[in-house]
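J.: A single structure is presented below for examination.
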Amino acid sequence: MKVVVLSGSKIGSKTRIAMNYTVNSIHKKYPNADVTLLDLALFDVQFSDGRNYMEYEGDTKFVIQTVMEADVIVIGTPIFQASIPATLKNIFDLAPEKAFQGKVISMIITAGSQRHFLVAEQQLKPILTFMKAQMVSTYVFIEEKDFLRKEIVNDDVLFRIDRLVEDTFVLAETYTKILEAEEAKYGF
C-alpha cells in the first residue's frame with residue numbers, strides 16, 4: 001500500500017512536526033507500508049495553469065505524480081486566516097477532477113486556536129468529496145497550546161494521531177476488499 005503523508009504548507013513547523021509523528025506511527029503499526037513524506041516547503045511547485053498534471057516538470061511533476069500514485073493520503077495543513085494555505089489548494093488544482101477516486105484520505109489540522117476547528121469541515125472536506133476521496137470521517141485538530149519546543153506535548157493529541165492512522169488503514173483495507181469483491185462479480 002502506497003501512503004503519502006503530505007505536509008501542506010511552505011511556512012511554519014507545527015504541521016511538519018505532526019506529520020513526522022504520523023510517519024513514525026505508520027512505520028510502527030504498519031511496517032510494510034510504502035510511506036512517502038511530502039513536505040511542500042521542500043519543493044518548488046508551480047501554480048496550476050490548467051495543464052494535465054503529467055505535462056509539468058521538476059518538483060511539480062514529482063509531487064503531483066507521487067500524490068496521484070498513492071493509495072492512502074494523510075493531509076496535514078495549518079489554518080491561516082481561517083483557511084487552508086494556497087500551497088495545499090494548488091495541489092488540488094493541479095490534480096484532475098476525480099484525482100482521489102479510489103483513495104482513502106485522512107486529515108491532521110494545526111491551528112492557533114479552537115476558532116478554526118470547522119475549517120476542515122467547511123473547506124477541506126468539500127474539496128476532497130468533489131474529487132471523489134474516501135475520507136476518514138474524523139480528523140485530528142491540534143492547537144498551538146499542544147506544542148512546546150518543537151514537540152507535541154499533549155498525550156491526547158498523540159493518541160488521536162495514532163488512532164487516526166489505525167482508522168485510515170482499516171478504511172483503506174476495507175475499501176480494497178469491497179472493490180475486489182465487486183470486481184470478482186464480473187468473472188474476468
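Letters A, B, ... go to the chains of the C-alpha cells in the order shown; residues in each chain start at 1; ligands are counted from 1 in the same order.
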Just the strand (DSSP E or B) stuff from range 41-179 of chain A, please, per backbone DSSP, written as a PyMOL selection string.
T.: chain A and resi 72-78+80+83+104-111+134-135+140-143+147-148+151-152
J.: So that I can check the surroundings of Ala86 in chain A, please list as a compact mmCIF listing (two decimals) with C-alpha atoms, in the first residue's frame every protein, DNA and RNA residue that reaches within 10 Å of it, counting only C-alpha atoms and ignoring chain neighbours fewer than 3 positions away.
T.:
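Wrote out_37.txt, looks like this:
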```
# COMPACT_ATOMS: atom_id res chain seq x y z
CA GLY A 8 0.70 21.20 3.05
CA SER A 9 2.44 24.46 3.86
CA LYS A 10 5.57 26.33 2.86
CA PHE A 47 0.91 27.18 -9.63
CA PHE A 80 -4.08 30.59 8.18
CA SER A 83 -8.47 28.99 5.50
CA LYS A 89 -5.06 24.25 -2.58
CA ASN A 90 -2.65 24.38 -5.51
CA ILE A 91 -2.04 20.62 -5.18
CA PHE A 92 -5.78 20.09 -5.55
CA ASP A 93 -5.85 22.45 -8.54
```
J.: Can you work out which one of A:Asp49, A:Ile105, A:Gln134, A:Gln81 has the shortest atom-to-atom distance to Val119 in chain A, counting only C-alpha atoms?
T.: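 Among A:Asp49, A:Ile105, A:Gln134, A:Gln81, it is A:Gln81 that comes nearest to Val119 in chain A.
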J.: Nearest to Ile108 in chain A: which of A:Asp155, A:Glu57, A:Glu183, A:Asp162 is it, counting only C-alpha atoms?
T.: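 Using only C-alpha atoms, the shortest distance to Ile108 in chain A belongs to A:Asp162.
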J.: Using only C-alpha atoms, find each residue in range 49-106 of chain A having at least one atom no more than 9 Å away from range 122-132 of chain A; report its shortest atom-to-atom pair and that distance in Å (one decimal), rows by chain then rising number, as JSON lines.
T.:
```
{"residue": "A:Ser83", "atom": "CA", "partner": "A:Gln123", "partner_atom": "CA", "distance": 7.4}
{"residue": "A:Ile84", "atom": "CA", "partner": "A:Leu124", "partner_atom": "CA", "distance": 7.6}
{"residue": "A:Phe92", "atom": "CA", "partner": "A:Ile127", "partner_atom": "CA", "distance": 8.0}
{"residue": "A:Ala95", "atom": "CA", "partner": "A:Met131", "partner_atom": "CA", "distance": 9.0}
{"residue": "A:Pro96", "atom": "CA", "partner": "A:Met131", "partner_atom": "CA", "distance": 8.0}
{"residue": "A:Glu97", "atom": "CA", "partner": "A:Met131", "partner_atom": "CA", "distance": 5.4}
{"residue": "A:Lys98", "atom": "CA", "partner": "A:Met131", "partner_atom": "CA", "distance": 4.6}
{"residue": "A:Ala99", "atom": "CA", "partner": "A:Met131", "partner_atom": "CA", "distance": 5.8}
{"residue": "A:Phe100", "atom": "CA", "partner": "A:Lys132", "partner_atom": "CA", "distance": 5.3}
{"residue": "A:Gln101", "atom": "CA", "partner": "A:Lys132", "partner_atom": "CA", "distance": 4.6}
{"residue": "A:Gly102", "atom": "CA", "partner": "A:Lys132", "partner_atom": "CA", "distance": 7.6}
{"residue": "A:Lys103", "atom": "CA", "partner": "A:Lys132", "partner_atom": "CA", "distance": 8.2}
{"residue": "A:Ile105", "atom": "CA", "partner": "A:Leu128", "partner_atom": "CA", "distance": 8.3}
```
J.: May I have the residues from that selection written out with N, CA and C atoms, as a compact mmCIF listing (two decimals), in the first residue's frame?
T.:
```txt
# COMPACT_ATOMS: atom_id res chain seq x y z
N SER A 83 -8.43 29.70 6.76
CA SER A 83 -8.47 28.99 5.50
C SER A 83 -7.24 28.09 5.36
N ILE A 84 -7.32 27.15 4.41
CA ILE A 84 -6.16 26.33 4.10
C ILE A 84 -5.17 27.16 3.29
N PHE A 92 -4.45 20.51 -5.08
CA PHE A 92 -5.78 20.09 -5.55
C PHE A 92 -6.06 20.62 -6.95
N ALA A 95 -4.28 18.62 -9.73
CA ALA A 95 -4.79 17.25 -9.93
C ALA A 95 -6.07 17.26 -10.78
N PRO A 96 -6.35 16.15 -11.44
CA PRO A 96 -7.60 16.04 -12.20
C PRO A 96 -8.82 16.05 -11.26
N GLU A 97 -9.96 16.30 -11.84
CA GLU A 97 -11.21 16.42 -11.07
C GLU A 97 -11.50 15.21 -10.19
N LYS A 98 -11.28 14.02 -10.68
CA LYS A 98 -11.56 12.80 -9.92
C LYS A 98 -10.27 12.15 -9.42
N ALA A 99 -9.31 12.98 -9.06
CA ALA A 99 -7.97 12.51 -8.69
C ALA A 99 -7.97 11.55 -7.51
N PHE A 100 -8.91 11.70 -6.59
CA PHE A 100 -8.86 10.91 -5.37
C PHE A 100 -9.83 9.73 -5.37
N GLN A 101 -10.40 9.44 -6.54
CA GLN A 101 -11.28 8.28 -6.64
C GLN A 101 -10.47 7.02 -6.35
N GLY A 102 -10.97 6.22 -5.41
CA GLY A 102 -10.27 5.01 -5.02
C GLY A 102 -9.19 5.22 -3.97
N LYS A 103 -9.02 6.45 -3.51
CA LYS A 103 -8.01 6.74 -2.50
C LYS A 103 -8.69 7.04 -1.16
N ILE A 105 -8.37 9.09 2.30
CA ILE A 105 -7.70 10.30 2.77
C ILE A 105 -8.13 10.61 4.20
```
J.: Looking only at the backbone, which of the residues in range 25-187 of chain A does DSSP tag as alpha helix (DSSP H), as a VMD selection string?
T.: chain A and resid 25 to 29 58 to 69 86 to 94 119 125 to 130 155 to 184
J.: Which residue out of A:Phe62, A:Tyr21, A:Phe141, A:Phe169 has the minimum interatomic distance to Leu38 in chain A when only C-alpha atoms are used?
T.: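 So, comparing all the options, the nearest one is A:Phe62.
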J.: Could you name the residues that touch Ser137 in chain A at 10 Å or less, counting only C-alpha atoms, but leaving out those on the same chain fewer than 6 positions away, as a PDB file with N, CA, C and O atoms, in the first residue's frame?
T.:
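Below is the file that was written, result.pdb:
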```pdb
ATOM      1  N   ILE A 105      -8.374   9.089   2.301  1.00  0.00           N
ATOM      2  CA  ILE A 105      -7.705  10.304   2.771  1.00  0.00           C
ATOM      3  C   ILE A 105      -8.133  10.614   4.199  1.00  0.00           C
ATOM      4  O   ILE A 105      -9.314  10.549   4.543  1.00  0.00           O
ATOM      5  N   SER A 106      -7.131  10.971   5.006  1.00  0.00           N
ATOM      6  CA  SER A 106      -7.403  11.456   6.359  1.00  0.00           C
ATOM      7  C   SER A 106      -6.680  12.785   6.547  1.00  0.00           C
ATOM      8  O   SER A 106      -5.825  13.161   5.728  1.00  0.00           O
ATOM      9  N   MET A 107      -7.027  13.503   7.623  1.00  0.00           N
ATOM     10  CA  MET A 107      -6.531  14.870   7.793  1.00  0.00           C
ATOM     11  C   MET A 107      -6.044  15.134   9.209  1.00  0.00           C
ATOM     12  O   MET A 107      -6.646  14.671  10.184  1.00  0.00           O
ATOM     13  N   GLU A 121     -14.062  20.987   8.029  1.00  0.00           N
ATOM     14  CA  GLU A 121     -15.423  20.588   7.641  1.00  0.00           C
ATOM     15  C   GLU A 121     -15.969  21.470   6.524  1.00  0.00           C
ATOM     16  O   GLU A 121     -16.649  20.987   5.624  1.00  0.00           O
ATOM     17  N   LYS A 125     -13.063  19.215   3.473  1.00  0.00           N
ATOM     18  CA  LYS A 125     -13.910  18.063   3.142  1.00  0.00           C
ATOM     19  C   LYS A 125     -14.713  18.267   1.850  1.00  0.00           C
ATOM     20  O   LYS A 125     -14.810  17.334   1.052  1.00  0.00           O
ATOM     21  N   LEU A 164      -6.021   7.848  14.388  1.00  0.00           N
ATOM     22  CA  LEU A 164      -6.312   8.245  13.011  1.00  0.00           C
ATOM     23  C   LEU A 164      -5.563   7.352  12.023  1.00  0.00           C
ATOM     24  O   LEU A 164      -6.116   6.945  10.996  1.00  0.00           O
ATOM     25  N   ASP A 167      -7.450   4.086  11.966  1.00  0.00           N
ATOM     26  CA  ASP A 167      -8.711   4.250  11.245  1.00  0.00           C
ATOM     27  C   ASP A 167      -8.481   4.377   9.736  1.00  0.00           C
ATOM     28  O   ASP A 167      -9.251   3.847   8.928  1.00  0.00           O
ATOM     29  N   THR A 168      -7.427   5.079   9.361  1.00  0.00           N
ATOM     30  CA  THR A 168      -7.100   5.262   7.945  1.00  0.00           C
ATOM     31  C   THR A 168      -6.780   3.923   7.294  1.00  0.00           C
ATOM     32  O   THR A 168      -7.291   3.605   6.207  1.00  0.00           O
TER      33      THR A 168
END
```
J.: Pick out the residues sitting within 9 Å of Val35 in chain A, and hand them over as a ChimeraX atom specification; count only C-alpha atoms, and ignore anything fewer than 5 positions along from it in its own chain.
T.: /A:1-5,23,26-27
J.: Store the residues picked out above, limited to N, CA and C atoms, as a PDB file, in the first residue's frame.
T.:
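Output file out01.pdb is given in full below:
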```pdb
ATOM      1  N   MET A   1       0.850  -1.179   0.000  1.00  0.00           N
ATOM      2  CA  MET A   1       0.000   0.000   0.000  1.00  0.00           C
ATOM      3  C   MET A   1       0.893   1.239   0.000  1.00  0.00           C
ATOM      4  N   LYS A   2       0.674   2.109  -0.990  1.00  0.00           N
ATOM      5  CA  LYS A   2       1.446   3.344  -1.082  1.00  0.00           C
ATOM      6  C   LYS A   2       0.740   4.438  -0.281  1.00  0.00           C
ATOM      7  N   VAL A   3       1.495   5.027   0.643  1.00  0.00           N
ATOM      8  CA  VAL A   3       0.951   6.063   1.517  1.00  0.00           C
ATOM      9  C   VAL A   3       1.747   7.339   1.310  1.00  0.00           C
ATOM     10  N   VAL A   4       1.042   8.444   1.101  1.00  0.00           N
ATOM     11  CA  VAL A   4       1.674   9.759   1.059  1.00  0.00           C
ATOM     12  C   VAL A   4       1.206  10.535   2.281  1.00  0.00           C
ATOM     13  N   VAL A   5       2.176  11.041   3.023  1.00  0.00           N
ATOM     14  CA  VAL A   5       1.903  11.938   4.145  1.00  0.00           C
ATOM     15  C   VAL A   5       2.306  13.320   3.639  1.00  0.00           C
ATOM     16  N   VAL A  23       4.197   9.806  10.394  1.00  0.00           N
ATOM     17  CA  VAL A  23       5.041   8.863   9.654  1.00  0.00           C
ATOM     18  C   VAL A  23       5.596   7.810  10.614  1.00  0.00           C
ATOM     19  N   ILE A  26       2.894   5.355  11.553  1.00  0.00           N
ATOM     20  CA  ILE A  26       2.629   4.413  10.461  1.00  0.00           C
ATOM     21  C   ILE A  26       3.700   3.329  10.430  1.00  0.00           C
ATOM     22  N   HIS A  27       4.961   3.749  10.532  1.00  0.00           N
ATOM     23  CA  HIS A  27       6.060   2.771  10.490  1.00  0.00           C
ATOM     24  C   HIS A  27       5.957   1.762  11.631  1.00  0.00           C
TER      25      HIS A  27
END
```
J.: Enter the distance from CA of Tyr53 in chain A to CA of Ala33 in chain A, in Å, rounded to one decimal.
T.: 25.3 Å
